[in-house]
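First the structure, in the form of structure tokens, and then the observations on it.
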Amino acid sequence: MKKLAMLFLALNVNAGDAVNGEAMYNSLGCSGCHGGSGVSSIPVYPSLAGKDTAFIVKQLKDFQTGARVDSTMNAMAPMAAGYEEDIGLYLFGE
């Protein structure tokens with residue numbers, strides 16, 4: 001039983017957390033441009049609600065590394081480092 005519990009914990013160590021993602025999304029200021037729930041009311045900023053978690057993670061990492069260039073996002077994305085999956089889960093609605 002103890003081994004089963006340890007396996008369960010190990011499998012969930014890297015599992016994302018949508019609740020934490022929502023907190024990070026709002027505290028980092030993402031909602032200012034992309035909308036409070038990921039639905040932007042400003043046409044120049046894309047809506048992110050419902051986007052696949054892997055898509056959100058990739059975009060954030062690309063902005064962090066400079067593989068994708070946008071002056072605002074290249075400055076903002078590094079603050080999300082380590083929380084990309086959580087944010088993606090929140091936006092995807094999981």
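Scheme for the structure tokens: letters A, B, ... for chains in order shown; per-chain residue numbers from 1; ligand numbers from 1 in order shown.
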
What's around A:Asn26 at 12 Å? Count only C-alpha atoms, leave out sequence neighbours fewer than 6 positions away in its own chain, and write the answer as a VMD selection string. chain A and resid 19 to 20 32 to 38 80 87 90 to 91

Which residues, written as a count of residues only, have at least one atom at most 9 Å from stretch 55-63 of chain A, with only C-alpha atoms counted and residues fewer than 5 positions away on the same chain left out? 21

Figure out the distance between atom CA of A:Ala18 and atom CA of A:Pro43, please, to one decimal in Å.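 So the two atoms, atom CA of A:Pro43 and atom CA of A:Ala18, lie 25.6 Å apart.
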
According to DSSP computed on the backbone, where in stretch 2-84 of chain A is there helix (DSSP H, G or I)? Give the residues as a PyMOL selection string. chain A and resi 2-12+18-27+31-34+53-65+71-80+84

Expressed in Å to a single decimal, how great is the separation between atom CA of A:Ser31 and atom CA of A:Ala49?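 Rounded to one decimal, the two atoms are 11.0 Å apart.
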
How many Å separate atom CA of A:Asp17 from atom CA of A:Ala54?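 Value for the atom CA of A:Asp17-atom CA of A:Ala54 distance: 14.0 Å.
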
Given the choices A:Tyr45, A:Ser40, A:Ala67, A:Glu94, which gets closest to A:Glu22 if the distance is worked out from only C-alpha atoms?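 Closest residue, counting only C-alpha atoms: A:Glu94.
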